[in-house]
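Visitor: Input file: my_file-v7.cif. Contents: mmCIF, C-alpha atoms.
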data_final
loop_
_atom_site.group_PDB
_atom_site.id
_atom_site.type_symbol
_atom_site.label_atom_id
_atom_site.label_comp_id
_atom_site.auth_asym_id
_atom_site.auth_seq_id
_atom_site.Cartn_x
_atom_site.Cartn_y
_atom_site.Cartn_z
ATOM 1 C CA MET A 23 1.904 -14.488 37.104
ATOM 2 C CA LYS A 24 1.715 -17.834 35.370
ATOM 3 C CA LYS A 25 -1.169 -16.551 33.221
ATOM 4 C CA LEU A 26 0.870 -13.524 32.178
ATOM 5 C CA ALA A 27 3.862 -15.701 31.278
ATOM 6 C CA THR A 28 1.589 -17.893 29.148
ATOM 7 C CA LEU A 29 0.102 -14.918 27.281
ATOM 8 C CA LEU A 30 3.377 -13.109 26.538
ATOM 9 C CA PRO A 31 4.414 -15.393 23.637
ATOM 10 C CA LEU A 32 1.078 -14.599 21.961
ATOM 11 C CA ALA A 33 1.389 -10.844 22.403
ATOM 12 C CA ALA A 34 3.914 -10.155 19.618
ATOM 13 C CA PRO A 35 2.013 -11.990 16.842
ATOM 14 C CA LEU A 36 -1.284 -10.444 17.930
ATOM 15 C CA LEU A 37 0.217 -6.955 17.988
ATOM 16 C CA ALA A 38 1.729 -7.497 14.524
ATOM 17 C CA LEU A 39 -1.605 -8.719 13.182
ATOM 18 C CA GLY A 40 -3.376 -5.735 14.718
ATOM 19 C CA ALA A 41 -0.862 -3.342 13.162
ATOM 20 C CA LEU A 42 -1.227 -4.862 9.683
ATOM 21 C CA ALA A 43 -5.012 -5.231 9.649
ATOM 22 C CA PRO A 44 -5.753 -1.578 8.740
ATOM 23 C CA ALA A 45 -3.487 -1.884 5.679
ATOM 24 C CA ALA A 46 -5.641 -4.701 4.325
ATOM 25 C CA ILE A 47 -8.853 -2.687 4.447
ATOM 26 C CA PRO A 48 -7.903 -0.096 1.774
ATOM 27 C CA ALA A 49 -6.638 -2.852 -0.512
ATOM 28 C CA SER A 50 -9.953 -4.653 -0.466
ATOM 29 C CA ALA A 51 -11.943 -1.425 -0.626
ATOM 30 C CA HIS A 52 -9.818 0.085 -3.413
ATOM 31 C CA HIS A 53 -12.160 -0.555 -6.281
ATOM 32 C CA SER A 54 -15.559 -1.955 -6.973
ATOM 33 C CA TYR A 55 -16.574 -3.350 -10.327
ATOM 34 C CA SER A 56 -20.258 -2.853 -9.481
ATOM 35 C CA MET A 57 -20.522 -0.145 -12.154
ATOM 36 C CA PHE A 58 -19.839 -2.772 -14.834
ATOM 37 C CA ASP A 59 -22.306 -5.456 -15.915
ATOM 38 C CA MET A 60 -20.040 -8.432 -15.258
ATOM 39 C CA GLN A 61 -22.740 -10.811 -16.556
ATOM 40 C CA LYS A 62 -22.739 -9.184 -19.986
ATOM 41 C CA THR A 63 -19.942 -9.317 -22.567
ATOM 42 C CA ILE A 64 -19.885 -7.200 -25.703
ATOM 43 C CA VAL A 65 -17.409 -7.150 -28.576
ATOM 44 C CA LEU A 66 -16.099 -3.880 -29.981
ATOM 45 C CA ASP A 67 -14.320 -3.556 -33.316
ATOM 46 C CA ALA A 68 -12.336 -0.437 -32.580
ATOM 47 C CA THR A 69 -9.469 1.894 -33.408
ATOM 48 C CA VAL A 70 -7.112 2.696 -30.543
ATOM 49 C CA THR A 71 -6.897 6.437 -29.896
ATOM 50 C CA GLN A 72 -4.903 6.205 -26.663
ATOM 51 C CA PHE A 73 -3.255 3.554 -24.504
ATOM 52 C CA ARG A 74 -2.196 4.662 -21.039
ATOM 53 C CA TRP A 75 0.134 2.332 -19.161
ATOM 54 C CA GLN A 76 -0.325 3.720 -15.647
ATOM 55 C CA ASN A 77 -1.119 2.805 -12.062
ATOM 56 C CA PRO A 78 -3.462 1.974 -10.544
ATOM 57 C CA HIS A 79 -5.181 0.942 -13.811
ATOM 58 C CA ALA A 80 -4.118 0.921 -17.429
ATOM 59 C CA PHE A 81 -6.621 2.458 -19.811
ATOM 60 C CA ILE A 82 -7.559 2.134 -23.497
ATOM 61 C CA ALA A 83 -9.458 4.850 -25.365
ATOM 62 C CA VAL A 84 -10.975 3.713 -28.652
ATOM 63 C CA GLU A 85 -13.297 4.841 -31.413
ATOM 64 C CA VAL A 86 -16.064 2.495 -32.492
ATOM 65 C CA ASP A 87 -18.160 2.928 -35.630
ATOM 66 C CA GLU A 88 -21.811 2.851 -34.530
ATOM 67 C CA ASP A 89 -24.193 3.216 -37.463
ATOM 68 C CA GLY A 90 -21.739 5.346 -39.424
ATOM 69 C CA THR A 91 -20.852 7.581 -36.489
ATOM 70 C CA LYS A 92 -17.572 7.282 -34.604
ATOM 71 C CA GLN A 93 -18.166 6.946 -30.868
ATOM 72 C CA ARG A 94 -15.491 7.166 -28.192
ATOM 73 C CA TRP A 95 -15.268 4.388 -25.619
ATOM 74 C CA ALA A 96 -13.174 4.265 -22.428
ATOM 75 C CA ILE A 97 -11.924 0.828 -21.399
ATOM 76 C CA GLU A 98 -10.589 0.324 -17.880
ATOM 77 C CA MET A 99 -7.997 -2.371 -17.316
ATOM 78 C CA THR A 100 -6.161 -3.811 -14.328
ATOM 79 C CA SER A 101 -2.741 -2.629 -13.146
ATOM 80 C CA PRO A 102 0.317 -2.804 -15.430
ATOM 81 C CA ASN A 103 1.867 -5.302 -13.005
ATOM 82 C CA ASN A 104 -1.055 -7.703 -13.492
ATOM 83 C CA LEU A 105 -1.097 -7.081 -17.245
ATOM 84 C CA VAL A 106 2.601 -7.951 -17.591
ATOM 85 C CA GLN A 107 1.921 -11.269 -15.878
ATOM 86 C CA SER A 108 -0.632 -12.064 -18.590
ATOM 87 C CA GLY A 109 1.611 -11.127 -21.521
ATOM 88 C CA TRP A 110 0.984 -7.390 -21.923
ATOM 89 C CA ARG A 111 3.758 -4.872 -22.570
ATOM 90 C CA ARG A 112 3.791 -1.088 -22.581
ATOM 91 C CA THR A 113 4.020 -1.372 -26.384
ATOM 92 C CA SER A 114 1.220 -3.924 -26.901
ATOM 93 C CA LEU A 115 -1.112 -1.255 -28.323
ATOM 94 C CA ARG A 116 -0.380 1.787 -30.447
ATOM 95 C CA THR A 117 -2.555 4.692 -31.516
ATOM 96 C CA GLY A 118 -4.276 3.745 -34.769
ATOM 97 C CA ASP A 119 -4.261 -0.023 -34.148
ATOM 98 C CA GLN A 120 -7.412 -1.796 -35.322
ATOM 99 C CA VAL A 121 -8.445 -4.211 -32.553
ATOM 100 C CA ARG A 122 -11.343 -6.337 -31.399
ATOM 101 C CA LEU A 123 -12.093 -5.938 -27.683
ATOM 102 C CA TRP A 124 -14.159 -8.133 -25.383
ATOM 103 C CA VAL A 125 -15.493 -6.048 -22.498
ATOM 104 C CA HIS A 126 -18.046 -5.833 -19.696
ATOM 105 C CA PRO A 127 -20.064 -2.644 -20.396
ATOM 106 C CA LEU A 128 -21.063 -0.007 -17.880
ATOM 107 C CA ARG A 129 -24.474 -0.669 -16.317
ATOM 108 C CA SER A 130 -25.442 2.939 -17.031
ATOM 109 C CA GLY A 131 -25.264 2.424 -20.788
ATOM 110 C CA ALA A 132 -22.500 5.024 -21.155
ATOM 111 C CA ARG A 133 -19.671 4.159 -23.542
ATOM 112 C CA GLY A 134 -17.270 2.650 -21.048
ATOM 113 C CA ALA A 135 -16.313 -0.855 -20.050
ATOM 114 C CA SER A 136 -14.043 -3.192 -18.127
ATOM 115 C CA TYR A 137 -11.448 -5.048 -20.236
ATOM 116 C CA ILE A 138 -11.699 -8.815 -20.719
ATOM 117 C CA GLY A 139 -9.581 -9.526 -23.807
ATOM 118 C CA VAL A 140 -8.275 -8.201 -27.123
ATOM 119 C CA ARG A 141 -7.380 -9.470 -30.589
ATOM 120 C CA LEU A 142 -4.386 -7.438 -31.749
ATOM 121 C CA PRO A 143 -3.739 -6.305 -35.356
ATOM 122 C CA ASP A 144 -1.388 -9.289 -35.938
ATOM 123 C CA GLY A 145 -4.160 -11.715 -34.920
ATOM 124 C CA SER A 146 -2.651 -12.621 -31.545
ATOM 125 C CA THR A 147 -4.792 -12.339 -28.453
ATOM 126 C CA LEU A 148 -4.371 -11.245 -24.854
ATOM 127 C CA GLY A 149 -6.844 -11.906 -22.069
ATOM 128 C CA GLU A 150 -10.011 -13.885 -22.541
ATOM 129 C CA VAL A 151 -11.468 -13.749 -26.035
ATOM 130 C CA GLY A 152 -14.427 -15.678 -27.234
#
Now, as a test, write the supplied structure out as C-alpha cells.
Guide:
Amino acid sequence: MKKLATLLPLAAPLLALGALAPAAIPASAHHSYSMFDMQKTIVLDATVTQFRWQNPHAFIAVEVDEDGTKQRWAIEMTSPNNLVQSGWRRTSLRTGDQVRLWVHPLRSGARGASYIGVRLPDGSTLGEVG
C-alpha cells in the first residue's frame, strides 16, 4: 500500500505527458526541408505574380528573366504568424512588384525554392539578405 501511495502523486503528470505526446509528433513531422538545398543560396531578380498569405505556409510566385525568357518560380515561406514576427504584413508584396529574393533552391533543379530574404521595391529588406 505504501508503494501505491508513493506512486499516486506521479500518476497525474505522467498521464498528462502521455496524453500530450502524440500531439507533438505531427508538429515535428509536419514538414521537411530536405527537398531544398539548404547549403546553397541563390539570388533572384523577379517580378511578383502572386503573393498568398495563407496557412500553413505563405507563398510567393514570381517571374524571373532567364536569358531573355520569363520563367515562373514558386517560393515557399513559413507561416504568416512567423512572418508577422519578423516584420511581414499581408500587404508587404503586391502583384507587379520588382524584388530581389534570396532563396534555397530545390535540389531537383526545378524552379522552386525556400524563402530566406527579400529586398522590396522601396529598398527595405525582410529576412536575411546578403
Visitor: Identify which of the residues A:Arg112, A:Ala80, A:Leu66, A:Val106 lies closest to A:Gln93, counting all atoms listed in the file when measuring atom-to-atom distances.
Guide: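 Of A:Arg112, A:Ala80, A:Leu66, A:Val106, the one nearest A:Gln93, counting all atoms listed in the file, is A:Leu66.
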Visitor: Which residues fall under the PyMOL selection byres ((chain A and resi 56) around 12) in this file, as a short mmCIF file (atom, residue, chain, number, x, y, z; two decimals) with C-alpha atoms, keeping the file's coordinate frame?
Guide:
data_model
loop_
_atom_site.label_atom_id
_atom_site.label_comp_id
_atom_site.auth_asym_id
_atom_site.auth_seq_id
_atom_site.Cartn_x
_atom_site.Cartn_y
_atom_site.Cartn_z
CA HIS A 53 -12.16 -0.56 -6.28
CA SER A 54 -15.56 -1.96 -6.97
CA TYR A 55 -16.57 -3.35 -10.33
CA MET A 57 -20.52 -0.14 -12.15
CA PHE A 58 -19.84 -2.77 -14.83
CA ASP A 59 -22.31 -5.46 -15.92
CA MET A 60 -20.04 -8.43 -15.26
CA GLN A 61 -22.74 -10.81 -16.56
CA HIS A 126 -18.05 -5.83 -19.70
CA PRO A 127 -20.06 -2.64 -20.40
CA LEU A 128 -21.06 -0.01 -17.88
CA ARG A 129 -24.47 -0.67 -16.32
CA SER A 130 -25.44 2.94 -17.03
CA ALA A 135 -16.31 -0.86 -20.05
CA SER A 136 -14.04 -3.19 -18.13
#
Visitor: To one decimal place, how far is atom CA of A:Gly152 from atom CA of A:Ala68 in Å?
Guide: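 Between atom CA of A:Gly152 and atom CA of A:Ala68 the gap is 16.3 Å.
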Visitor: Considering only C-alpha atoms, state which residue in the set A:Ser101, A:Ile64, A:Arg122, A:Ser108 is at the smallest distance from A:Val84.
Guide: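 Closest candidate: A:Arg122.
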Visitor: Determine, counting all atoms listed in the file, which protein, DNA and RNA residues have an atom within 10 Å of an atom of A:Gly149; residues of the same chain fewer than 3 positions away are not included. Present the result as a list in words.
Guide: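 Residues meeting the cut-off are Leu105, Ser108, Gly109, Trp110, Leu123, Trp124, Tyr137, Ile138, Gly139, Val140, Arg141 and Gly152 of chain A.
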Visitor: Could you tell me, as a VMD selection string, exactly which residues end up selected when the PyMOL selection byres ((chain A and resi 119) around 6) is applied to this structure?
Guide: chain A and resid 69 to 70 116 to 118 120
Visitor: So what does the PyMOL selection byres ((chain A and resi 96) around 7) actually pick up in this one, as a PyMOL selection string?
Guide: chain A and resi 82-84+94-95+97-98+133-135
Visitor: My list of candidates is A:Thr113, A:Ser146, A:Val86, A:Gln107. Which is closest to A:Asp67 when distances are computed with all atoms listed in the file?
Guide: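 Under the stated criterion, the closest residue is A:Val86.
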Visitor: For a test of reading the model, state the distance in Å between atom CA of A:Met99 and atom CA of A:Gly145, rounded to one decimal.
Guide: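 Taking atom CA of A:Met99 and atom CA of A:Gly145, their separation equals 20.3 Å.
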Visitor: What's the separation between atom CA of A:Glu88 and atom CA of A:Val125, in Å to one decimal place?
Guide: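 According to the coordinates, atom CA of A:Glu88 and atom CA of A:Val125 are separated by 16.2 Å.
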Visitor: Would you please work out which residue, of A:Val151, A:Leu142, A:Leu115, A:Asn104, is nearest to A:His79 when using all atoms listed in the file?
Guide: A:Asn104
Visitor: Rank nothing, just name the residue among A:Thr71, A:Pro78, A:Val65, A:Val121 nearest to A:Pro102, using only C-alpha atoms.
Guide: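 Looking only at the distances to A:Pro102, the closest residue turns out to be A:Pro78.
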Visitor: Complete stretch 136-147 of chain A with all heavy atoms (output as a PDB file, in the coordinates of the input).
Guide:
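Below is the file out.pdb, written as the result:
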ATOM      1  N   SER A 136     -15.156  -2.520 -18.781  1.00  0.00           N
ATOM      2  CA  SER A 136     -14.043  -3.192 -18.127  1.00  0.00           C
ATOM      3  C   SER A 136     -13.461  -4.218 -19.109  1.00  0.00           C
ATOM      4  O   SER A 136     -14.196  -5.032 -19.677  1.00  0.00           O
ATOM      5  CB  SER A 136     -14.538  -3.891 -16.861  1.00  0.00           C
ATOM      6  OG  SER A 136     -13.510  -4.661 -16.275  1.00  0.00           O
ATOM      7  N   TYR A 137     -12.163  -4.180 -19.293  1.00  0.00           N
ATOM      8  CA  TYR A 137     -11.448  -5.048 -20.236  1.00  0.00           C
ATOM      9  C   TYR A 137     -11.549  -6.525 -19.855  1.00  0.00           C
ATOM     10  O   TYR A 137     -11.418  -6.879 -18.687  1.00  0.00           O
ATOM     11  CB  TYR A 137      -9.972  -4.617 -20.262  1.00  0.00           C
ATOM     12  CG  TYR A 137      -9.036  -5.637 -20.848  1.00  0.00           C
ATOM     13  CD1 TYR A 137      -8.876  -5.719 -22.226  1.00  0.00           C
ATOM     14  CD2 TYR A 137      -8.315  -6.511 -20.041  1.00  0.00           C
ATOM     15  CE1 TYR A 137      -8.018  -6.656 -22.775  1.00  0.00           C
ATOM     16  CE2 TYR A 137      -7.452  -7.443 -20.583  1.00  0.00           C
ATOM     17  CZ  TYR A 137      -7.304  -7.517 -21.945  1.00  0.00           C
ATOM     18  OH  TYR A 137      -6.462  -8.451 -22.485  1.00  0.00           O
ATOM     19  N   ILE A 138     -11.761  -7.362 -20.877  1.00  0.00           N
ATOM     20  CA  ILE A 138     -11.699  -8.815 -20.719  1.00  0.00           C
ATOM     21  C   ILE A 138     -10.582  -9.379 -21.599  1.00  0.00           C
ATOM     22  O   ILE A 138      -9.761 -10.160 -21.153  1.00  0.00           O
ATOM     23  CB  ILE A 138     -13.019  -9.504 -21.126  1.00  0.00           C
ATOM     24  CG1 ILE A 138     -14.189  -8.969 -20.337  1.00  0.00           C
ATOM     25  CG2 ILE A 138     -12.894 -11.014 -20.963  1.00  0.00           C
ATOM     26  CD1 ILE A 138     -15.543  -9.440 -20.860  1.00  0.00           C
ATOM     27  N   GLY A 139     -10.574  -8.991 -22.881  1.00  0.00           N
ATOM     28  CA  GLY A 139      -9.581  -9.526 -23.807  1.00  0.00           C
ATOM     29  C   GLY A 139      -9.519  -8.710 -25.075  1.00  0.00           C
ATOM     30  O   GLY A 139     -10.392  -7.881 -25.343  1.00  0.00           O
ATOM     31  N   VAL A 140      -8.471  -8.951 -25.883  1.00  0.00           N
ATOM     32  CA  VAL A 140      -8.275  -8.201 -27.123  1.00  0.00           C
ATOM     33  C   VAL A 140      -7.638  -9.093 -28.184  1.00  0.00           C
ATOM     34  O   VAL A 140      -6.813  -9.956 -27.877  1.00  0.00           O
ATOM     35  CB  VAL A 140      -7.393  -6.944 -26.875  1.00  0.00           C
ATOM     36  CG1 VAL A 140      -5.986  -7.314 -26.428  1.00  0.00           C
ATOM     37  CG2 VAL A 140      -7.338  -6.052 -28.099  1.00  0.00           C
ATOM     38  N   ARG A 141      -8.061  -8.882 -29.434  1.00  0.00           N
ATOM     39  CA  ARG A 141      -7.380  -9.470 -30.589  1.00  0.00           C
ATOM     40  C   ARG A 141      -6.594  -8.321 -31.215  1.00  0.00           C
ATOM     41  O   ARG A 141      -7.164  -7.322 -31.649  1.00  0.00           O
ATOM     42  CB  ARG A 141      -8.340 -10.070 -31.600  1.00  0.00           C
ATOM     43  CG  ARG A 141      -7.621 -10.748 -32.773  1.00  0.00           C
ATOM     44  CD  ARG A 141      -8.569 -11.491 -33.714  1.00  0.00           C
ATOM     45  NE  ARG A 141      -9.615 -12.221 -33.015  1.00  0.00           N
ATOM     46  CZ  ARG A 141      -9.493 -13.467 -32.521  1.00  0.00           C
ATOM     47  NH1 ARG A 141      -8.378 -14.108 -32.627  1.00  0.00           N
ATOM     48  NH2 ARG A 141     -10.509 -14.040 -31.901  1.00  0.00           N
ATOM     49  N   LEU A 142      -5.279  -8.475 -31.249  1.00  0.00           N
ATOM     50  CA  LEU A 142      -4.386  -7.438 -31.749  1.00  0.00           C
ATOM     51  C   LEU A 142      -4.348  -7.435 -33.277  1.00  0.00           C
ATOM     52  O   LEU A 142      -4.810  -8.398 -33.916  1.00  0.00           O
ATOM     53  CB  LEU A 142      -2.992  -7.650 -31.162  1.00  0.00           C
ATOM     54  CG  LEU A 142      -2.917  -7.590 -29.629  1.00  0.00           C
ATOM     55  CD1 LEU A 142      -1.557  -8.056 -29.119  1.00  0.00           C
ATOM     56  CD2 LEU A 142      -3.233  -6.191 -29.145  1.00  0.00           C
ATOM     57  N   PRO A 143      -3.782  -6.392 -33.881  1.00  0.00           N
ATOM     58  CA  PRO A 143      -3.739  -6.305 -35.356  1.00  0.00           C
ATOM     59  C   PRO A 143      -3.063  -7.503 -36.031  1.00  0.00           C
ATOM     60  O   PRO A 143      -3.419  -7.875 -37.131  1.00  0.00           O
ATOM     61  CB  PRO A 143      -2.958  -5.014 -35.614  1.00  0.00           C
ATOM     62  CG  PRO A 143      -3.197  -4.178 -34.424  1.00  0.00           C
ATOM     63  CD  PRO A 143      -3.276  -5.153 -33.275  1.00  0.00           C
ATOM     64  N   ASP A 144      -2.083  -8.132 -35.348  1.00  0.00           N
ATOM     65  CA  ASP A 144      -1.388  -9.289 -35.938  1.00  0.00           C
ATOM     66  C   ASP A 144      -2.153 -10.590 -35.759  1.00  0.00           C
ATOM     67  O   ASP A 144      -1.694 -11.658 -36.145  1.00  0.00           O
ATOM     68  CB  ASP A 144       0.029  -9.396 -35.385  1.00  0.00           C
ATOM     69  CG  ASP A 144       0.079  -9.757 -33.903  1.00  0.00           C
ATOM     70  OD1 ASP A 144      -0.989  -9.976 -33.269  1.00  0.00           O
ATOM     71  OD2 ASP A 144       1.195  -9.818 -33.352  1.00  0.00           O
ATOM     72  N   GLY A 145      -3.341 -10.525 -35.122  1.00  0.00           N
ATOM     73  CA  GLY A 145      -4.160 -11.715 -34.920  1.00  0.00           C
ATOM     74  C   GLY A 145      -3.943 -12.397 -33.580  1.00  0.00           C
ATOM     75  O   GLY A 145      -4.722 -13.261 -33.195  1.00  0.00           O
ATOM     76  N   SER A 146      -2.875 -12.021 -32.859  1.00  0.00           N
ATOM     77  CA  SER A 146      -2.651 -12.621 -31.545  1.00  0.00           C
ATOM     78  C   SER A 146      -3.652 -12.064 -30.547  1.00  0.00           C
ATOM     79  O   SER A 146      -4.274 -11.019 -30.779  1.00  0.00           O
ATOM     80  CB  SER A 146      -1.217 -12.352 -31.086  1.00  0.00           C
ATOM     81  OG  SER A 146      -1.002 -10.968 -30.912  1.00  0.00           O
ATOM     82  N   THR A 147      -3.819 -12.761 -29.448  1.00  0.00           N
ATOM     83  CA  THR A 147      -4.792 -12.339 -28.453  1.00  0.00           C
ATOM     84  C   THR A 147      -4.150 -12.239 -27.063  1.00  0.00           C
ATOM     85  O   THR A 147      -3.169 -12.912 -26.767  1.00  0.00           O
ATOM     86  CB  THR A 147      -5.977 -13.324 -28.378  1.00  0.00           C
ATOM     87  OG1 THR A 147      -5.495 -14.629 -28.023  1.00  0.00           O
ATOM     88  CG2 THR A 147      -6.723 -13.390 -29.688  1.00  0.00           C
TER      89      THR A 147
END
